[in-house]
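Listing of entry35.txt, compact mmCIF, C-alpha atoms
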# COMPACT_ATOMS: atom_id res chain seq x y z
CA MET A 1 -16.52 70.52 37.06
CA GLU A 2 -18.27 69.28 40.20
CA HIS A 3 -18.01 72.74 41.74
CA ASN A 4 -19.59 74.18 38.60
CA ASP A 5 -22.41 71.66 38.84
CA ARG A 6 -23.26 72.96 42.31
CA ILE A 7 -23.22 76.55 41.07
CA LEU A 8 -25.47 75.60 38.15
CA ILE A 9 -27.93 73.79 40.43
CA GLU A 10 -28.10 76.78 42.75
CA ALA A 11 -28.60 79.12 39.79
CA HIS A 12 -31.36 76.85 38.48
CA CYS A 13 -33.07 76.75 41.88
CA ASN A 14 -32.82 80.53 42.07
CA GLY A 15 -34.76 80.80 38.82
CA SER A 16 -32.03 81.03 36.18
CA ALA A 17 -33.61 80.04 32.88
CA ASP A 18 -30.34 78.99 31.24
CA ALA A 19 -28.80 76.97 34.06
CA PHE A 20 -30.61 73.75 33.29
CA GLU A 21 -29.83 74.00 29.60
CA THR A 22 -26.15 74.29 30.54
CA ILE A 23 -26.53 71.16 32.68
CA ILE A 24 -28.05 69.31 29.70
CA ARG A 25 -25.25 70.46 27.42
CA ARG A 26 -22.60 69.45 29.95
CA HIS A 27 -23.89 65.98 30.89
CA GLY A 28 -26.10 65.25 27.89
CA PRO A 29 -23.43 63.78 25.60
CA ALA A 30 -22.32 61.17 28.19
CA VAL A 31 -25.91 60.29 29.08
CA TYR A 32 -26.83 60.01 25.42
CA GLY A 33 -23.77 57.82 24.80
CA TYR A 34 -24.88 55.51 27.58
CA LEU A 35 -28.47 55.32 26.29
CA VAL A 36 -27.50 54.69 22.68
CA LYS A 37 -25.34 51.76 23.77
CA MET A 38 -28.04 50.44 26.04
CA VAL A 39 -30.93 50.42 23.57
CA LYS A 40 -31.29 49.18 20.04
CA ASP A 41 -32.29 52.30 18.18
CA THR A 42 -31.64 56.01 18.38
CA HIS A 43 -35.33 56.94 18.49
CA LYS A 44 -35.70 55.07 21.75
CA ALA A 45 -32.47 56.62 23.01
CA ASP A 46 -33.90 60.06 22.16
CA ASP A 47 -37.08 59.33 24.13
CA LEU A 48 -35.13 58.02 27.11
CA PHE A 49 -32.84 61.03 26.96
CA GLN A 50 -35.82 63.39 27.20
CA GLU A 51 -37.35 61.31 29.98
CA THR A 52 -34.05 61.35 31.89
CA PHE A 53 -33.66 65.12 31.83
CA GLN A 54 -37.34 65.67 32.49
CA LYS A 55 -36.97 63.67 35.71
CA ALA A 56 -33.69 65.39 36.50
CA TYR A 57 -35.44 68.74 36.14
CA GLU A 58 -38.19 67.69 38.55
CA LYS A 59 -35.80 66.26 41.14
CA ILE A 60 -32.77 68.49 40.91
CA GLY A 61 -33.96 70.65 43.78
CA ASP A 62 -33.57 67.62 46.08
CA PHE A 63 -30.01 66.87 44.89
CA ARG A 64 -27.56 67.47 47.73
CA GLY A 65 -24.34 66.08 46.25
CA VAL A 66 -21.68 67.83 44.22
CA ASP A 67 -21.20 65.55 41.21
CA LEU A 68 -24.18 65.33 38.90
CA LYS A 69 -22.71 62.70 36.57
CA PRO A 70 -23.53 59.58 38.65
CA TRP A 71 -26.86 61.08 39.70
CA ILE A 72 -28.02 61.72 36.14
CA HIS A 73 -26.69 58.35 35.02
CA ALA A 74 -28.75 56.75 37.78
CA ILE A 75 -31.88 58.35 36.35
CA ALA A 76 -30.91 57.27 32.84
CA ALA A 77 -30.14 53.71 33.96
CA ASN A 78 -33.43 53.51 35.79
CA ALA A 79 -35.31 54.77 32.73
CA ALA A 80 -33.53 52.32 30.42
CA LEU A 81 -33.94 49.29 32.68
CA THR A 82 -37.58 50.12 33.38
CA GLY A 83 -38.08 50.41 29.63
CA PHE A 84 -36.57 46.96 29.11
CA ARG A 85 -38.79 45.44 31.76
CA LYS A 86 -41.89 46.95 30.14
CA GLU A 87 -40.72 45.77 26.75
CA LYS A 88 -40.19 42.26 28.03
CA ARG A 89 -43.71 42.18 29.43
CA LYS A 90 -45.02 43.30 26.04
CA HIS A 91 -42.96 40.60 24.34
CA MET A 92 -44.39 38.00 26.66
CA VAL A 93 -47.90 39.10 25.79
CA SER A 94 -47.45 39.46 22.06
CA LEU A 95 -44.81 36.75 21.60
CA ASN A 96 -43.45 38.98 18.91
CA SER A 97 -39.73 39.53 19.14
CA ASP A 98 -39.68 42.42 16.67
CA THR A 99 -41.99 44.84 18.47
CA SER A 100 -39.10 47.04 19.53
CA CYS A 101 -38.41 47.85 15.90
CA PRO A 102 -41.53 47.09 13.94
CA ASP A 103 -40.55 48.71 10.66
CA GLY A 104 -36.95 47.58 10.80
CA LYS A 105 -35.78 51.02 9.72
CA HIS A 106 -34.75 52.54 13.02
CA CYS A 107 -32.79 49.66 14.50
CA PHE A 108 -29.14 50.48 14.47
CA ASP A 109 -29.75 53.49 12.31
CA ILE A 110 -26.75 54.90 14.06
CA ASP A 111 -24.87 52.80 11.53
CA ASN A 112 -25.43 55.66 9.17
CA VAL A 113 -23.44 58.08 11.25
CA VAL A 114 -20.91 59.77 9.01
CA LEU A 115 -17.38 59.57 10.29
CA ALA A 116 -15.84 62.87 11.19
CA ASP A 117 -12.61 62.17 9.36
CA GLN A 118 -13.17 61.15 5.78
CA LYS A 119 -11.93 57.66 5.01
CA GLU A 120 -11.92 55.34 2.07
CA PRO A 121 -15.29 53.67 1.47
CA SER A 122 -13.77 50.25 2.16
CA GLU A 123 -12.39 51.47 5.50
CA ILE A 124 -15.75 52.97 6.40
CA LEU A 125 -17.48 49.72 5.55
CA GLU A 126 -14.97 47.77 7.59
CA MET A 127 -15.45 50.08 10.54
CA GLU A 128 -19.20 49.82 10.25
CA GLU A 129 -18.89 46.06 10.27
CA LYS A 130 -16.79 46.20 13.43
CA ARG A 131 -19.27 48.50 15.09
CA ARG A 132 -22.15 46.28 14.18
CA ASN A 133 -20.36 43.25 15.62
CA VAL A 134 -19.55 45.03 18.87
CA ARG A 135 -23.08 46.39 19.21
CA GLN A 136 -24.54 42.96 18.59
CA ALA A 137 -22.20 41.49 21.17
CA LEU A 138 -23.30 44.12 23.70
CA MET A 139 -26.96 43.50 22.97
CA LYS A 140 -26.51 39.81 23.71
CA LEU A 141 -25.62 40.62 27.31
CA PRO A 142 -28.37 40.60 29.95
CA ASP A 143 -29.57 44.14 30.79
CA GLN A 144 -27.87 44.37 34.18
CA GLN A 145 -24.55 43.15 32.81
CA ARG A 146 -24.74 45.48 29.82
CA THR A 147 -25.55 48.53 31.91
CA THR A 148 -22.72 47.70 34.34
CA LEU A 149 -20.23 47.26 31.51
CA ILE A 150 -21.27 50.49 29.75
CA LEU A 151 -21.18 52.54 32.95
CA SER A 152 -17.74 51.17 33.81
CA TYR A 153 -16.02 50.85 30.44
CA TYR A 154 -17.47 53.77 28.48
CA GLN A 155 -18.68 56.15 31.16
CA LYS A 156 -15.58 55.58 33.34
CA LEU A 157 -17.57 55.36 36.55
CA THR A 158 -16.10 53.52 39.53
CA TYR A 159 -17.60 50.27 40.80
CA LYS A 160 -18.69 52.13 43.92
CA GLN A 161 -20.52 54.77 41.86
CA ILE A 162 -22.13 52.05 39.73
CA ALA A 163 -23.29 50.26 42.89
CA GLU A 164 -24.94 53.49 44.03
CA ILE A 165 -26.50 54.07 40.62
CA LEU A 166 -27.91 50.56 40.35
CA ASN A 167 -28.74 50.40 44.05
CA CYS A 168 -26.82 47.19 44.69
CA SER A 169 -23.59 46.07 46.37
CA ILE A 170 -20.11 46.52 44.91
CA GLY A 171 -19.86 42.72 44.92
CA THR A 172 -22.89 42.47 42.64
CA VAL A 173 -21.43 45.10 40.33
CA LYS A 174 -18.13 43.21 40.12
CA THR A 175 -19.93 39.92 39.49
CA ASN A 176 -22.01 41.45 36.70
CA MET A 177 -18.94 43.11 35.22
CA PHE A 178 -16.97 39.86 35.27
CA ARG A 179 -19.81 37.88 33.68
CA ALA A 180 -20.23 40.53 30.98
CA LEU A 181 -16.51 40.53 30.20
CA LYS A 182 -16.31 36.76 30.19
CA ARG A 183 -19.14 36.58 27.69
CA LEU A 184 -17.66 39.38 25.59
CA ALA A 185 -14.32 37.59 25.48
CA VAL A 186 -16.14 34.96 23.46
CA LEU A 187 -18.45 37.25 21.49
CA LEU A 188 -16.07 39.99 20.46
CA PRO A 189 -14.18 39.56 17.21
CA GLU A 190 -10.61 38.47 17.84
CA SER A 191 -8.61 41.00 15.88
CA SER A 192 -10.88 43.99 15.48
CA GLY A 193 -9.23 46.15 18.09
CA GLY A 194 -7.99 49.66 17.62
CA GLN A 195 -9.39 53.14 17.66
CA ILE A 196 -11.26 54.72 14.81
CA MET B 1 6.76 28.30 38.92
CA LYS B 2 3.06 28.42 39.68
CA PRO B 3 0.50 27.27 37.07
CA HIS B 4 -0.47 29.75 34.37
CA LEU B 5 -3.18 32.28 35.03
CA THR B 6 -6.59 31.32 33.71
CA GLN B 7 -8.52 33.56 31.35
CA ASP B 8 -10.92 34.36 34.19
CA VAL B 9 -8.10 35.61 36.37
CA LEU B 10 -6.64 37.60 33.48
CA ILE B 11 -10.01 39.28 32.88
CA GLN B 12 -10.36 40.06 36.58
CA TYR B 13 -6.79 41.35 36.70
CA GLN B 14 -7.24 43.59 33.67
CA PHE B 15 -10.49 45.12 34.96
CA ASP B 16 -9.51 45.47 38.60
CA LEU B 17 -11.94 42.85 39.87
CA LEU B 18 -9.51 40.93 42.08
CA GLU B 19 -8.93 41.32 45.78
CA GLU B 20 -5.64 43.01 46.61
CA ALA B 21 -3.83 39.82 47.63
CA GLN B 22 -4.92 37.97 44.48
CA ARG B 23 -4.04 40.97 42.38
CA ASN B 24 -0.51 41.12 43.82
CA GLU B 25 -0.11 37.42 43.26
CA ALA B 26 -1.22 37.72 39.62
CA ALA B 27 1.06 40.72 39.08
CA THR B 28 4.04 38.80 40.42
CA HIS B 29 3.24 35.85 38.15
CA LEU B 30 2.88 38.11 35.11
CA GLU B 31 6.30 39.60 35.77
CA GLU B 32 7.81 36.16 35.56
CA CYS B 33 5.67 34.47 32.90
CA SER B 34 5.91 35.63 29.30
CA GLN B 35 3.20 33.21 28.21
CA CYS B 36 0.66 34.78 30.58
CA ARG B 37 1.78 38.27 29.57
CA GLU B 38 1.12 37.33 25.98
CA ALA B 39 -2.31 35.92 26.86
CA LEU B 40 -3.11 39.14 28.72
CA GLU B 41 -2.04 41.20 25.72
CA LYS B 42 -4.34 39.20 23.42
CA LEU B 43 -7.18 39.69 25.83
CA LYS B 44 -6.54 43.45 25.94
CA GLN B 45 -6.59 43.57 22.14
CA ARG B 46 -9.88 41.74 22.07
CA PHE B 47 -11.49 44.15 24.51
CA LEU B 48 -10.02 47.10 22.63
CA SER B 49 -12.59 46.40 19.94
CA LEU B 50 -15.15 47.85 22.35
CA ASP B 51 -13.57 51.23 21.62
CA VAL B 52 -15.04 51.31 18.12
CA LEU B 53 -18.25 52.51 19.79
CA ASP B 54 -16.48 55.40 21.51
CA ASN B 55 -17.72 58.80 20.36
CA GLU B 56 -19.93 57.29 17.68
CA GLU B 57 -23.05 58.89 19.08
CA VAL B 58 -23.42 62.64 18.86
CA LEU B 59 -25.97 64.50 20.89
CA SER B 60 -27.68 66.77 18.42
CA ASP B 61 -28.60 70.34 19.23
CA GLN B 62 -32.06 69.47 17.95
CA LEU B 63 -32.51 66.87 20.70
CA VAL B 64 -31.29 69.31 23.35
CA GLN B 65 -33.80 71.91 22.14
CA LYS B 66 -36.55 69.29 21.99
CA THR B 67 -35.77 68.23 25.55
CA ILE B 68 -35.86 71.81 26.82
CA ALA B 69 -39.14 72.40 24.98
CA SER B 70 -40.68 69.26 26.50
CA ILE B 71 -39.58 70.37 29.97
CA HIS B 72 -41.19 73.77 29.47
CA GLN B 73 -44.32 72.12 28.10
CA SER B 74 -44.65 69.86 31.13
CA LYS B 75 -44.05 72.86 33.38
CA GLU B 76 -47.05 74.66 31.86
CA PRO B 77 -49.88 72.60 33.46
CA GLU B 78 -48.14 72.87 36.82
CA LEU B 79 -47.87 76.63 36.40
CA ASN B 80 -51.54 76.81 35.41
CA ARG B 81 -52.45 74.80 38.49
CA ARG B 82 -50.43 77.18 40.63
CA ARG B 83 -52.03 80.20 38.96
CA LEU B 84 -55.45 78.69 39.60
CA TRP B 85 -54.60 78.18 43.27
CA VAL B 86 -53.35 81.76 43.52
CA LYS B 87 -56.49 83.03 41.80
CA TRP B 88 -58.89 81.12 44.07
CA GLY B 89 -56.78 81.98 47.08
CA ALA B 90 -57.03 85.67 46.22
CA ILE B 91 -60.79 85.39 45.74
CA ALA B 92 -61.19 83.59 49.08
CA ALA B 93 -59.00 86.16 50.82
CA GLY B 94 -61.06 88.94 49.23
CA ILE B 95 -64.30 87.41 50.48
CA VAL B 96 -62.91 87.00 54.00
CA LEU B 97 -61.62 90.58 53.96
CA ALA B 98 -64.90 91.96 52.68
CA THR B 99 -66.87 90.03 55.32
CA ALA B 100 -64.54 91.26 58.03
CA ILE B 101 -64.90 94.85 56.84
CA VAL B 102 -68.69 94.53 56.80
CA PHE B 103 -68.79 93.14 60.36
CA ILE B 104 -66.29 95.62 61.72
CA GLY B 105 -68.12 98.44 59.94
CA GLN B 106 -71.41 97.25 61.34
CA ASP B 107 -69.99 97.12 64.87
CA GLN B 108 -68.52 100.56 64.51
CA TRP B 109 -71.76 101.91 63.10
CA GLN B 110 -73.71 100.40 65.98
CA GLU B 111 -71.23 101.83 68.45
CA GLN B 112 -71.45 105.24 66.85
CA SER B 113 -75.24 105.08 66.81
CA ARG B 114 -75.25 104.15 70.48
CA GLN B 115 -72.96 107.05 71.27
CA VAL B 116 -75.10 109.46 69.26
CA LEU B 117 -78.18 108.14 71.00
CA ASN B 118 -76.56 108.52 74.40
CA THR B 119 -75.43 112.06 73.71
CA THR B 120 -78.91 113.08 72.51
CA GLN B 121 -80.71 111.35 75.39
CA MET B 122 -78.30 112.42 78.16
CA PRO B 123 -77.19 116.00 77.46
CA ASP B 124 -76.42 116.85 81.16
CA ASP B 125 -76.45 115.49 84.70
CA LYS B 126 -79.98 116.68 85.38
CA SER B 127 -81.43 114.58 82.71
CA LEU B 128 -79.64 111.64 84.31
CA THR B 129 -81.21 112.25 87.71
CA ALA B 130 -84.64 113.26 86.49
CA PRO B 131 -85.86 109.81 85.57
CA GLU B 132 -84.75 108.59 88.98
CA LYS B 133 -86.83 111.27 90.54
CA ASP B 134 -89.73 110.39 88.32
CA ASP B 135 -89.22 106.80 89.13
CA ALA B 136 -89.10 107.54 92.85
CA HIS B 137 -92.14 109.68 92.51
CA PHE B 138 -93.85 106.98 90.59
CA SER B 139 -92.89 104.36 93.16
CA ASN B 140 -94.03 106.55 96.03
CA SER B 141 -97.19 108.08 94.73
CA SER B 142 -98.27 106.76 91.40
CA ARG B 143 -97.21 103.16 91.53
CA PRO B 144 -100.24 101.10 92.42
CA ASP B 145 -99.97 99.02 95.52
CA MET B 146 -100.13 95.51 94.37
CA ASN B 147 -101.08 94.26 97.82
CA SER B 148 -104.06 96.57 98.28
CA PRO B 149 -107.06 96.34 96.01
CA ALA B 150 -107.11 98.87 93.28
CA GLU B 151 -109.17 101.89 94.06
CA PRO B 152 -110.46 104.07 91.36
CA ASN B 153 -109.17 107.60 91.75
CA PHE B 154 -111.98 110.02 91.04

Represent the structure contained in this file as structure tokens.
Amino acid sequence: MEHNDRILIEAHCNGSADAFETIIRRHGPAVYGYLVKMVKDTHKADDLFQETFQKAYEKIGDFRGVDLKPWIHAIAANAALTGFRKEKRKHMVSLNSDTSCPDGKHCFDIDNVVLADQKEPSEILEMEEKRRNVRQALMKLPDQQRTTLILSYYQKLTYKQIAEILNCSIGTVKTNMFRALKRLAVLLPESSGGQI
Amino acid sequence: MKPHLTQDVLIQYQFDLLEEAQRNEAATHLEECSQCREALEKLKQRFLSLDVLDNEEVLSDQLVQKTIASIHQSKEPELNRRRLWVKWGAIAAGIVLATAIVFIGQDQWQEQSRQVLNTTQMPDDKSLTAPEKDDAHFSNSSRPDMNSPAEPNF
């Protein structure tokens, strides 16, 4: 995988038109998964996704490593966290807590995702309820804690990689992770475990 | 037996946040204490609920295409800028080249003219010596003596 990344980067730098599209298709799903969990609505996740790969396209010539996953996640994390900071400034100016989703239609519209395996309506509803609870619990975490938890738990990145992505020490990453988990231990529903 | 592990320690143990020594200590305690094992199991179950968000989000082909299109779109102004630079660079180079050709041509033309002039004025050795003779003649006989007063030659 990492070896292939290097080959793709070299092909892209040598003018291959398809190489970057292959990079998007390879790393896009993970990056999108991270962004959707980080932000409230899919429209914002879509915008951040485009911004992430736009920046990746501009900077990929400078990339000297072998594994693109942490590098692209760093760009995505930076875009998401910068977005939050801007949003907070807007909130402070407008004192309006609903500016991120003014029409109320796009927030959590991922709730409407149709499950791949067809289930009973009651099961689907129950699952949707669980998802909503978990998402709400995640959104209650401070940005740095949420991004640390998502990168570690869902994206399976090591604490060292997360420290590099967020440009901080491993100690800070572990502290943020612990605080996020401690808060989630209270926020998460007690018996809603289990895979879909 | 040592006191039971706190929830904080159990969280840190489960998510590999403990130092090695503390981790070994907790592992040893868990081997011996069924109550702590049970507490850890409950905690695991609670965090398992996070998995309901696994694979819920699907990256659509539409978004991939949109992203590629936006990249190409943003590339366009840069390409235009580059093309403009190339265009003006070519024009500047053309001007410099044309100027150089004009100057070199002018020099060559002057050189050629001089050569032609020389060949027409100095066809042989006699013609080269003749003016000297004339000059000598002039200096000896015809050149007026500046020191003596001019005398009209009747």

Could the residues of chain A within 9 Å of chain B, counting only C-alpha atoms, be given as a PDB file with C-alpha atoms, keeping the file's coordinate frame, please?
ATOM      1  CA  PHE A  20     -30.610  73.750  33.290  1.00  0.00           C
ATOM      2  CA  GLU A  21     -29.830  74.000  29.600  1.00  0.00           C
ATOM      3  CA  ILE A  24     -28.050  69.310  29.700  1.00  0.00           C
ATOM      4  CA  ARG A  25     -25.250  70.460  27.420  1.00  0.00           C
ATOM      5  CA  GLY A  28     -26.100  65.250  27.890  1.00  0.00           C
ATOM      6  CA  PRO A  29     -23.430  63.780  25.600  1.00  0.00           C
ATOM      7  CA  ALA A  30     -22.320  61.170  28.190  1.00  0.00           C
ATOM      8  CA  TYR A  32     -26.830  60.010  25.420  1.00  0.00           C
ATOM      9  CA  GLY A  33     -23.770  57.820  24.800  1.00  0.00           C
ATOM     10  CA  VAL A  36     -27.500  54.690  22.680  1.00  0.00           C
ATOM     11  CA  LYS A  37     -25.340  51.760  23.770  1.00  0.00           C
ATOM     12  CA  ASP A  46     -33.900  60.060  22.160  1.00  0.00           C
ATOM     13  CA  PHE A  49     -32.840  61.030  26.960  1.00  0.00           C
ATOM     14  CA  GLN A  50     -35.820  63.390  27.200  1.00  0.00           C
ATOM     15  CA  GLU A  51     -37.350  61.310  29.980  1.00  0.00           C
ATOM     16  CA  PHE A  53     -33.660  65.120  31.830  1.00  0.00           C
ATOM     17  CA  GLN A  54     -37.340  65.670  32.490  1.00  0.00           C
ATOM     18  CA  TYR A  57     -35.440  68.740  36.140  1.00  0.00           C
ATOM     19  CA  ILE A 110     -26.750  54.900  14.060  1.00  0.00           C
ATOM     20  CA  VAL A 113     -23.440  58.080  11.250  1.00  0.00           C
ATOM     21  CA  LEU A 115     -17.380  59.570  10.290  1.00  0.00           C
ATOM     22  CA  MET A 127     -15.450  50.080  10.540  1.00  0.00           C
ATOM     23  CA  LYS A 130     -16.790  46.200  13.430  1.00  0.00           C
ATOM     24  CA  ARG A 131     -19.270  48.500  15.090  1.00  0.00           C
ATOM     25  CA  VAL A 134     -19.550  45.030  18.870  1.00  0.00           C
ATOM     26  CA  ARG A 135     -23.080  46.390  19.210  1.00  0.00           C
ATOM     27  CA  TYR A 153     -16.020  50.850  30.440  1.00  0.00           C
ATOM     28  CA  TYR A 154     -17.470  53.770  28.480  1.00  0.00           C
ATOM     29  CA  LYS A 174     -18.130  43.210  40.120  1.00  0.00           C
ATOM     30  CA  THR A 175     -19.930  39.920  39.490  1.00  0.00           C
ATOM     31  CA  MET A 177     -18.940  43.110  35.220  1.00  0.00           C
ATOM     32  CA  PHE A 178     -16.970  39.860  35.270  1.00  0.00           C
ATOM     33  CA  LEU A 181     -16.510  40.530  30.200  1.00  0.00           C
ATOM     34  CA  LYS A 182     -16.310  36.760  30.190  1.00  0.00           C
ATOM     35  CA  LEU A 184     -17.660  39.380  25.590  1.00  0.00           C
ATOM     36  CA  ALA A 185     -14.320  37.590  25.480  1.00  0.00           C
ATOM     37  CA  LEU A 188     -16.070  39.990  20.460  1.00  0.00           C
ATOM     38  CA  PRO A 189     -14.180  39.560  17.210  1.00  0.00           C
ATOM     39  CA  GLU A 190     -10.610  38.470  17.840  1.00  0.00           C
ATOM     40  CA  SER A 191      -8.610  41.000  15.880  1.00  0.00           C
ATOM     41  CA  SER A 192     -10.880  43.990  15.480  1.00  0.00           C
ATOM     42  CA  GLY A 193      -9.230  46.150  18.090  1.00  0.00           C
ATOM     43  CA  GLY A 194      -7.990  49.660  17.620  1.00  0.00           C
ATOM     44  CA  GLN A 195      -9.390  53.140  17.660  1.00  0.00           C
ATOM     45  CA  ILE A 196     -11.260  54.720  14.810  1.00  0.00           C
TER      46      ILE A 196
END

Next on the checklist: Rounded to one decimal, what separation in Å do you get between CA of Glu164 in chain A and CA of Ala74 in chain A?
Outcome noted: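 Separation of CA of Glu164 in chain A and CA of Ala74 in chain A: 8.0 Å.
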
Checklist entry - How many Å lie between CA of Glu32 in chain B and CA of Leu10 in chain B, rounded to one decimal? => result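 CA of Leu10 in chain B lies 14.7 Å from CA of Glu32 in chain B.
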
Checklist entry - How many Å lie between CA of Gly105 in chain B and CA of Lys87 in chain B, rounded to one decimal? => result 26.5 Å

Checklist entry - Quick one: residues within 12 Å of Thr82 in chain A, only C-alpha atoms counted, chain neighbours fewer than 5 positions away excluded, as a list of chain:residue names? => result A:Val39, A:Leu48, A:Glu51, A:Thr52, A:Ala74, A:Ile75, A:Ala76, A:Ala77, A:Glu87, A:Lys88, A:Arg89, A:Asp143, A:Gln144, A:Leu166

Item to check | Residue nearest Phe63 in chain A - candidates A:Leu81, A:Lys44, A:Thr172, A:Asp5, atoms counted: only C-alpha atoms | outcome: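 Nearest candidate to Phe63 in chain A out of A:Leu81, A:Lys44, A:Thr172, A:Asp5: A:Asp5.
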
Next on the checklist: Residues near Arg6 in chain A, anyone? I mean within 12 Å using all atoms listed in the file, not counting same-chain ones fewer than 2 positions away, as JSON, numbers by chain.
Outcome noted: {"A": [1, 2, 3, 4, 8, 9, 10, 11, 12, 13, 19, 20, 23, 60, 61, 63, 64, 65, 66, 67, 68, 69]}

Could you dump the residues just selected with C-alpha atoms as an mmCIF file, in the coordinates of the input?
data_model
loop_
_atom_site.group_PDB
_atom_site.id
_atom_site.type_symbol
_atom_site.label_atom_id
_atom_site.label_comp_id
_atom_site.auth_asym_id
_atom_site.auth_seq_id
_atom_site.Cartn_x
_atom_site.Cartn_y
_atom_site.Cartn_z
ATOM 1 C CA MET A 1 -16.520 70.520 37.060
ATOM 2 C CA GLU A 2 -18.270 69.280 40.200
ATOM 3 C CA HIS A 3 -18.010 72.740 41.740
ATOM 4 C CA ASN A 4 -19.590 74.180 38.600
ATOM 5 C CA LEU A 8 -25.470 75.600 38.150
ATOM 6 C CA ILE A 9 -27.930 73.790 40.430
ATOM 7 C CA GLU A 10 -28.100 76.780 42.750
ATOM 8 C CA ALA A 11 -28.600 79.120 39.790
ATOM 9 C CA HIS A 12 -31.360 76.850 38.480
ATOM 10 C CA CYS A 13 -33.070 76.750 41.880
ATOM 11 C CA ALA A 19 -28.800 76.970 34.060
ATOM 12 C CA PHE A 20 -30.610 73.750 33.290
ATOM 13 C CA ILE A 23 -26.530 71.160 32.680
ATOM 14 C CA ILE A 60 -32.770 68.490 40.910
ATOM 15 C CA GLY A 61 -33.960 70.650 43.780
ATOM 16 C CA PHE A 63 -30.010 66.870 44.890
ATOM 17 C CA ARG A 64 -27.560 67.470 47.730
ATOM 18 C CA GLY A 65 -24.340 66.080 46.250
ATOM 19 C CA VAL A 66 -21.680 67.830 44.220
ATOM 20 C CA ASP A 67 -21.200 65.550 41.210
ATOM 21 C CA LEU A 68 -24.180 65.330 38.900
ATOM 22 C CA LYS A 69 -22.710 62.700 36.570
#

As a JSON list (two decimals), in the frame of the given file, could you write out range 165-179 of chain A once it has been completed with N, CA and C atoms?
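Result file is part33.json:
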[["chain", "number", "residue", "atom", "x", "y", "z"],
["A", 165, "ILE", "N", -25.56, 53.82, 41.73],
["A", 165, "ILE", "CA", -26.50, 54.07, 40.62],
["A", 165, "ILE", "C", -27.52, 52.94, 40.49],
["A", 166, "LEU", "N", -27.02, 51.70, 40.56],
["A", 166, "LEU", "CA", -27.91, 50.56, 40.35],
["A", 166, "LEU", "C", -28.52, 50.05, 41.66],
["A", 167, "ASN", "N", -28.19, 50.74, 42.74],
["A", 167, "ASN", "CA", -28.74, 50.40, 44.05],
["A", 167, "ASN", "C", -28.47, 48.94, 44.43],
["A", 168, "CYS", "N", -27.21, 48.55, 44.32],
["A", 168, "CYS", "CA", -26.82, 47.19, 44.69],
["A", 168, "CYS", "C", -25.42, 47.24, 45.32],
["A", 169, "SER", "N", -24.91, 46.07, 45.71],
["A", 169, "SER", "CA", -23.59, 46.07, 46.37],
["A", 169, "SER", "C", -22.46, 46.13, 45.34],
["A", 170, "ILE", "N", -21.27, 46.49, 45.81],
["A", 170, "ILE", "CA", -20.11, 46.52, 44.91],
["A", 170, "ILE", "C", -19.83, 45.10, 44.41],
["A", 171, "GLY", "N", -20.06, 44.12, 45.30],
["A", 171, "GLY", "CA", -19.86, 42.72, 44.92],
["A", 171, "GLY", "C", -20.73, 42.33, 43.73],
["A", 172, "THR", "N", -21.97, 42.77, 43.76],
["A", 172, "THR", "CA", -22.89, 42.47, 42.64],
["A", 172, "THR", "C", -22.40, 43.14, 41.36],
["A", 173, "VAL", "N", -21.95, 44.38, 41.50],
["A", 173, "VAL", "CA", -21.43, 45.10, 40.33],
["A", 173, "VAL", "C", -20.24, 44.34, 39.73],
["A", 174, "LYS", "N", -19.33, 43.91, 40.61],
["A", 174, "LYS", "CA", -18.13, 43.21, 40.12],
["A", 174, "LYS", "C", -18.51, 41.87, 39.47],
["A", 175, "THR", "N", -19.48, 41.20, 40.07],
["A", 175, "THR", "CA", -19.93, 39.92, 39.49],
["A", 175, "THR", "C", -20.53, 40.14, 38.10],
["A", 176, "ASN", "N", -21.39, 41.15, 38.00],
["A", 176, "ASN", "CA", -22.01, 41.45, 36.70],
["A", 176, "ASN", "C", -20.96, 41.86, 35.67],
["A", 177, "MET", "N", -20.00, 42.65, 36.12],
["A", 177, "MET", "CA", -18.94, 43.11, 35.22],
["A", 177, "MET", "C", -18.13, 41.91, 34.73],
["A", 178, "PHE", "N", -17.78, 41.03, 35.65],
["A", 178, "PHE", "CA", -16.97, 39.86, 35.27],
["A", 178, "PHE", "C", -17.73, 38.97, 34.29],
["A", 179, "ARG", "N", -19.02, 38.73, 34.58],
["A", 179, "ARG", "CA", -19.81, 37.88, 33.68],
["A", 179, "ARG", "C", -19.93, 38.51, 32.29]]
